[in-house]
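Student: Quick one: structure below, then a few questions.
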Amino acid sequence: MSILADSGQPRMTDAVIVILAVLVSVILVFIVTDSTLVTVTFTGGLAVLGVGGAAILRRISPQKHAAAELIDWSVTLEAMQQDDRAVVITDRCGRMVCANALYESWFGSNYTPPYLPIADERQEELARLARIAWRDGADGGLVISADKGEWQVEAQRAGRGDEYLVWRFVSTAKDDPVAVISARLNDSFGEMMSYAGIELAVVDTEGFIQAVSPGFARRACGGNAASLIGRDFVSLLRTDERDRIYYSREGREGSPQTLVQVPLFDPADSSVDPVKAPSLMLMLDSGVGLGGWGGGNTGQAPQLESLLEHLPLGLALTDRDGHFLFANPAFHRAAGIEKMDLPLYPSDLVIQEDKAAISDAVRRYGQGVVNSGDMAIRLRSQPDEPVSLRLAGIRGLGEPAVLLSLADTTVENRLRRQVAQATKMQAVGQLAGGVAHDFNNVLTAIIGYCDLMLLRHIPGDSDYDDIQQIKANSNRAASLTRQLLAFSRQQTLQPEVLQLPDVISEVSQLLKRLLGAKITLETHHDRDLGPVRADPRQLEQVIINLAVNARDAIQSRDGGSEHGTGTLSFSTRCVSAADIRRMRSDIIPIGDYTVLIAEDTGGGIPAEYLPKIFEPFFTTKELGKGTGLGLSTVYGIVKQSGGFIFVDNFTSKDGRSQGARFSIYLPVYRGESGGEVLASGPEVEPTSSWSGGGRILLVEDEDMVRAVAERSLTRQGYTVVSAEDGDQGLELVRSDGPFDLVVSDVVMPTMDGPAMAREIRKIASDLPVLFMSGYAEEQLRREIKIDGMYFIPKPFSVKQIAAKVTQILRSSHNQAD
């Protein structure tokens, strides 16, 4: 290590320049002034300034020189200490400032670039490299050689004033693999390999040992590694009649070994003969690794297969040519094949477009290169779901092979599809609910004005029939919005306790007309069916939609003919909690259910359509022949009624017919106390002192709906005060009260209906509130917990809102009495 520095002596040329400048100045003053006195005075002033400046410089110069002499290069020197490269710093005069230890070991401390102990022409190249570095800042790429080795040199200008040149020398000599591996065998690497059942030895071209791992020495001679240096490698081994290899010291009690010879040479060096190179000998115990089928070790493959059979990860092995050697059950499940149907090549598992890619990958990894990688493939069993296949090349355990790893993603894919389906249904349901709500406001106005116009016309009038047609089409539009709200589970239900056979019986005549004469309708019912609580009109809609779907499927099976023949059967079954428990379903909670089953002989549903069958707007019919809302409406009604619906394909017991089966599970209704409760007859309303009339606050932000409701209630004799939003309605209660009833919309700008109702209750605690909305009543009641709250769904007619208001006011007066 060297540290050198210059002393920073002042240069003579600076003093000469100063003296010449002073003389020129004196001469110029004399020429300009032509006065000796002025010239002498100027010269004296310069002399005084010179003497003062010299005194100051004499005081500063020692400090500056001392600072220069105190430059500490020790930190730089420590940073330069590297094991893989020599570093030296020189100044502009080519003098060495400092150098690390590796530089001194290679070149000595007496040699400074470019004057190194190398050939003269190389010194000239180093000098040229230095000139380029001083000029451009850096240069490199030069290779020099000497007796001690060969190096690649680069130089870089550095320093605060670019006053130094940093030289770096990197050795290009290649490590001797024999020396490197021999050194590693004696450290922890050798012990680690012995722990894994692999012993190592380095043998020269004559067959004599140069180095061994500690485990090899213990098994071969019971001593240390040093005692085996120079011994004949073959003399430590023996073979039996089946050519299996053993350690001589262990005899027949030892385990058979697989011997792998690895020539230690650089494949890129064509001058080296691999046959004449030293070798690394690997001794592997039987049962180690995944290569038991090679090297005569026939007993290892069954052990390997037995191990892989129980692993949950799908694993398979192929030879270097891509032939399957083995695949565990998890691989069969992940690939979607039976255990006895393992194909010859991995490419037989994938679709046509992926065959070339997987064949090329298996061939590449089968060349013996020990590496691994992943690729995305599409299996023939599930072409729409890409899966990840991991490939790993295996070498050294017999013939080169390829390990294939394929995870069974069946459950994951099914859950992902279910989450995507639920998310899509929720998003579309929210969109449909919002559209239906706005559409219901329009329909409320149309139907209301039709009712008001019909009050001024009588049957036979020229306008009466036209108004009736407008109202009929509006009601059809209202049924469409109910379908939209059905699959979004936001429709208003009016549940009753009923028996499913009664509902089927009510619509049986309608079903026969819908199905036609060629399709047979059959019904079968179990005994002792439990009652269910549902909206009978919505259940009728479910049955009708299933019947229409079955009719279309039967006709489609017969080529689209309207005269297709087939059978549709509706049956009801009683399913107890014990039956549900035996089903081990993760979807249906344990309990008693009444099941409605619809089976048709339409040929079934394609497997790829089953996960999408309940999606809104999904249809298999031709363009213009289906809206895709039928089964999605069924799904929404069943889920909103607290039930579950499933679809699958079936084949009859005699094998003559096949079709689709829809199973609807509705929970048995036990009533509040647990006993069965059936629908009772209409209650007799007690007499009331209320004789009609009253003040009503109407709050609605839609002008057309507010106008219809106001005219309808005014015609019934009520005093109606209208408000456009919740803020205005609350102010009217404060300033223009009291009121007998508040009729309000739910969704309004600024203050909505529920917020307004809560504020009104602070003023009039007993004032009833009637909410108008197109959303489901159950949903609103869960979100709005207010006593004395009533509900009327949109769209409503003039007669319906008048009747609802009359009912509420009569009930309020009865409670007051």
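So you can find residues: chains in the structure tokens are A, B, ... in the order shown, residues in each start at 1, and ligands are numbered from 1 in order.
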Give me, as a ChimeraX atom specification, the residues of stretch 93-217 of chain A that a backbone DSSP run labels helix (DSSP H, G or I).
Tutor: /A:101-107,120-136,177-185,188-195,214-217
Student: Mind writing the picked residues with C-alpha atoms as a PDB file, in the first residue's frame?
Tutor:
```pdb
ATOM      1  CA  ALA A 101      -2.870  -4.043  -1.573  1.00  0.00           C
ATOM      2  CA  LEU A 102      -3.926  -6.088  -4.611  1.00  0.00           C
ATOM      3  CA  TYR A 103      -2.107  -3.655  -6.931  1.00  0.00           C
ATOM      4  CA  GLU A 104       1.115  -3.982  -4.960  1.00  0.00           C
ATOM      5  CA  SER A 105       0.824  -7.785  -4.979  1.00  0.00           C
ATOM      6  CA  TRP A 106       0.418  -7.814  -8.758  1.00  0.00           C
ATOM      7  CA  PHE A 107       2.808  -5.027  -9.847  1.00  0.00           C
ATOM      8  CA  ASP A 120       6.899  -1.842 -24.457  1.00  0.00           C
ATOM      9  CA  GLU A 121       4.057  -1.746 -26.948  1.00  0.00           C
ATOM     10  CA  ARG A 122       1.593  -2.344 -24.100  1.00  0.00           C
ATOM     11  CA  GLN A 123       3.170   0.556 -22.153  1.00  0.00           C
ATOM     12  CA  GLU A 124       2.581   2.804 -25.161  1.00  0.00           C
ATOM     13  CA  GLU A 125      -1.063   1.691 -25.263  1.00  0.00           C
ATOM     14  CA  LEU A 126      -1.387   2.468 -21.550  1.00  0.00           C
ATOM     15  CA  ALA A 127       0.096   5.932 -22.122  1.00  0.00           C
ATOM     16  CA  ARG A 128      -2.403   6.542 -24.929  1.00  0.00           C
ATOM     17  CA  LEU A 129      -5.213   5.351 -22.648  1.00  0.00           C
ATOM     18  CA  ALA A 130      -4.052   7.883 -20.008  1.00  0.00           C
ATOM     19  CA  ARG A 131      -4.035  10.734 -22.505  1.00  0.00           C
ATOM     20  CA  ILE A 132      -7.565   9.895 -23.626  1.00  0.00           C
ATOM     21  CA  ALA A 133      -8.731   9.716 -19.983  1.00  0.00           C
ATOM     22  CA  TRP A 134      -7.184  13.143 -19.195  1.00  0.00           C
ATOM     23  CA  ARG A 135      -8.922  14.538 -22.262  1.00  0.00           C
ATOM     24  CA  ASP A 136     -12.347  12.795 -22.225  1.00  0.00           C
ATOM     25  CA  PRO A 177     -12.505 -25.572 -11.547  1.00  0.00           C
ATOM     26  CA  VAL A 178     -10.472 -28.294  -9.896  1.00  0.00           C
ATOM     27  CA  ALA A 179      -9.020 -25.883  -7.347  1.00  0.00           C
ATOM     28  CA  VAL A 180     -12.339 -24.200  -6.678  1.00  0.00           C
ATOM     29  CA  ILE A 181     -14.303 -27.432  -6.158  1.00  0.00           C
ATOM     30  CA  SER A 182     -11.520 -29.007  -4.114  1.00  0.00           C
ATOM     31  CA  ALA A 183     -11.606 -26.021  -1.763  1.00  0.00           C
ATOM     32  CA  ARG A 184     -15.398 -26.204  -1.416  1.00  0.00           C
ATOM     33  CA  LEU A 185     -15.398 -29.910  -0.554  1.00  0.00           C
ATOM     34  CA  SER A 188     -19.758 -26.615   4.863  1.00  0.00           C
ATOM     35  CA  PHE A 189     -20.745 -27.379   1.249  1.00  0.00           C
ATOM     36  CA  GLY A 190     -19.246 -30.872   1.511  1.00  0.00           C
ATOM     37  CA  GLU A 191     -21.077 -31.556   4.794  1.00  0.00           C
ATOM     38  CA  MET A 192     -24.354 -30.282   3.303  1.00  0.00           C
ATOM     39  CA  MET A 193     -24.075 -32.661   0.358  1.00  0.00           C
ATOM     40  CA  SER A 194     -23.241 -35.570   2.701  1.00  0.00           C
ATOM     41  CA  TYR A 195     -26.360 -34.775   4.722  1.00  0.00           C
ATOM     42  CA  PRO A 214     -15.669 -35.376   4.708  1.00  0.00           C
ATOM     43  CA  GLY A 215     -18.620 -37.761   4.303  1.00  0.00           C
ATOM     44  CA  PHE A 216     -16.880 -39.661   1.499  1.00  0.00           C
ATOM     45  CA  ALA A 217     -13.792 -40.109   3.688  1.00  0.00           C
TER      46      ALA A 217
END
```
Student: Please identify all polymer residues within 12 Å of A:Val153, counting only C-alpha atoms, omitting same-chain residues fewer than 6 positions from it, and present them as a PyMOL selection string.
Tutor: chain A and resi 85-88+113-114+122-123+125-127+129-130+133+138-145+166-172
Student: Once you count only C-alpha atoms, what closest atom pair and distance in Å to one decimal does each residue of stretch 699-802 of chain A within 8 Å of stretch 435-451 of chain A have, with rows by chain and rising residue number, as a tab-separated table?
Tutor:
```
residue	atom	partner	partner_atom	distance
A:Glu702	CA	A:Asn441	CA	7.5
A:Met704	CA	A:Ala445	CA	5.7
A:Val705	CA	A:Ala445	CA	5.2
A:Val708	CA	A:Gly448	CA	5.7
A:Ala709	CA	A:Gly448	CA	7.7
A:Ser712	CA	A:Gly448	CA	8.0
A:Ser773	CA	A:His437	CA	7.4
A:Gly774	CA	A:His437	CA	4.9
A:Tyr775	CA	A:His437	CA	6.7
A:Lys794	CA	A:Asn440	CA	5.6
A:Pro795	CA	A:Thr444	CA	4.3
A:Phe796	CA	A:Thr444	CA	5.7
A:Ser797	CA	A:Gly448	CA	5.3
A:Val798	CA	A:Gly448	CA	5.5
```
Student: Using only N, CA and C atoms, please write the residues we just selected to a file, as an mmCIF file, in the first residue's frame.
Tutor:
```cif
data_model
loop_
_atom_site.group_PDB
_atom_site.id
_atom_site.type_symbol
_atom_site.label_atom_id
_atom_site.label_comp_id
_atom_site.auth_asym_id
_atom_site.auth_seq_id
_atom_site.Cartn_x
_atom_site.Cartn_y
_atom_site.Cartn_z
ATOM 1 N N GLU A 702 -90.915 14.897 -8.141
ATOM 2 C CA GLU A 702 -91.321 14.777 -9.535
ATOM 3 C C GLU A 702 -92.648 15.521 -9.723
ATOM 4 N N MET A 704 -94.826 15.651 -12.188
ATOM 5 C CA MET A 704 -95.961 14.924 -12.770
ATOM 6 C C MET A 704 -96.574 13.970 -11.753
ATOM 7 N N VAL A 705 -95.743 13.323 -10.933
ATOM 8 C CA VAL A 705 -96.276 12.412 -9.913
ATOM 9 C C VAL A 705 -97.006 13.221 -8.842
ATOM 10 N N VAL A 708 -100.483 14.288 -10.123
ATOM 11 C CA VAL A 708 -101.469 13.201 -10.146
ATOM 12 C C VAL A 708 -101.943 12.880 -8.737
ATOM 13 N N ALA A 709 -100.997 12.730 -7.808
ATOM 14 C CA ALA A 709 -101.378 12.380 -6.440
ATOM 15 C C ALA A 709 -102.229 13.475 -5.807
ATOM 16 N N SER A 712 -105.711 13.324 -7.265
ATOM 17 C CA SER A 712 -106.431 12.120 -6.822
ATOM 18 C C SER A 712 -106.951 12.289 -5.410
ATOM 19 N N SER A 773 -92.655 4.601 -3.305
ATOM 20 C CA SER A 773 -91.349 4.265 -3.881
ATOM 21 C C SER A 773 -91.480 3.086 -4.840
ATOM 22 N N GLY A 774 -90.552 3.029 -5.760
ATOM 23 C CA GLY A 774 -90.486 1.890 -6.666
ATOM 24 C C GLY A 774 -89.581 0.792 -6.164
ATOM 25 N N TYR A 775 -88.905 0.999 -5.020
ATOM 26 C CA TYR A 775 -88.034 -0.019 -4.450
ATOM 27 C C TYR A 775 -88.846 -0.975 -3.575
ATOM 28 N N LYS A 794 -94.840 2.171 -6.375
ATOM 29 C CA LYS A 794 -95.068 2.808 -7.669
ATOM 30 C C LYS A 794 -94.905 1.755 -8.759
ATOM 31 N N PRO A 795 -95.650 1.862 -9.850
ATOM 32 C CA PRO A 795 -96.701 2.848 -10.132
ATOM 33 C C PRO A 795 -98.019 2.460 -9.452
ATOM 34 N N PHE A 796 -98.828 3.437 -9.106
ATOM 35 C CA PHE A 796 -100.118 3.178 -8.480
ATOM 36 C C PHE A 796 -101.186 3.966 -9.238
ATOM 37 N N SER A 797 -102.395 3.507 -9.102
ATOM 38 C CA SER A 797 -103.515 4.170 -9.770
ATOM 39 C C SER A 797 -104.165 5.163 -8.805
ATOM 40 N N VAL A 798 -105.099 5.960 -9.339
ATOM 41 C CA VAL A 798 -105.833 6.919 -8.507
ATOM 42 C C VAL A 798 -106.626 6.193 -7.428
#
```
Student: Which is closest to A:Pro346 among A:Gln261, A:Ser359, A:Thr43, A:Ser576, if we use only C-alpha atoms?
Tutor: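 Counting only C-alpha atoms, the residue closest to A:Pro346 is A:Ser359.
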Student: Find the residue from A:Leu284, A:Leu379, A:Val742, A:Leu596 that sits nearest to A:Gln257; use only C-alpha atoms when measuring.
Tutor: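 Among the listed residues, the smallest separation from A:Gln257 belongs to A:Leu284.
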Student: Could you please determine the separation between atom CA of A:Asp232 and atom CA of A:Ile209 in Å, to one decimal place?
Tutor: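 About the pair atom CA of A:Asp232 and atom CA of A:Ile209: they are 6.3 Å apart.
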Student: So what do you get for atom CA of A:Asp727 versus atom CA of A:Val805, distance-wise?
Tutor: 22.8 Å
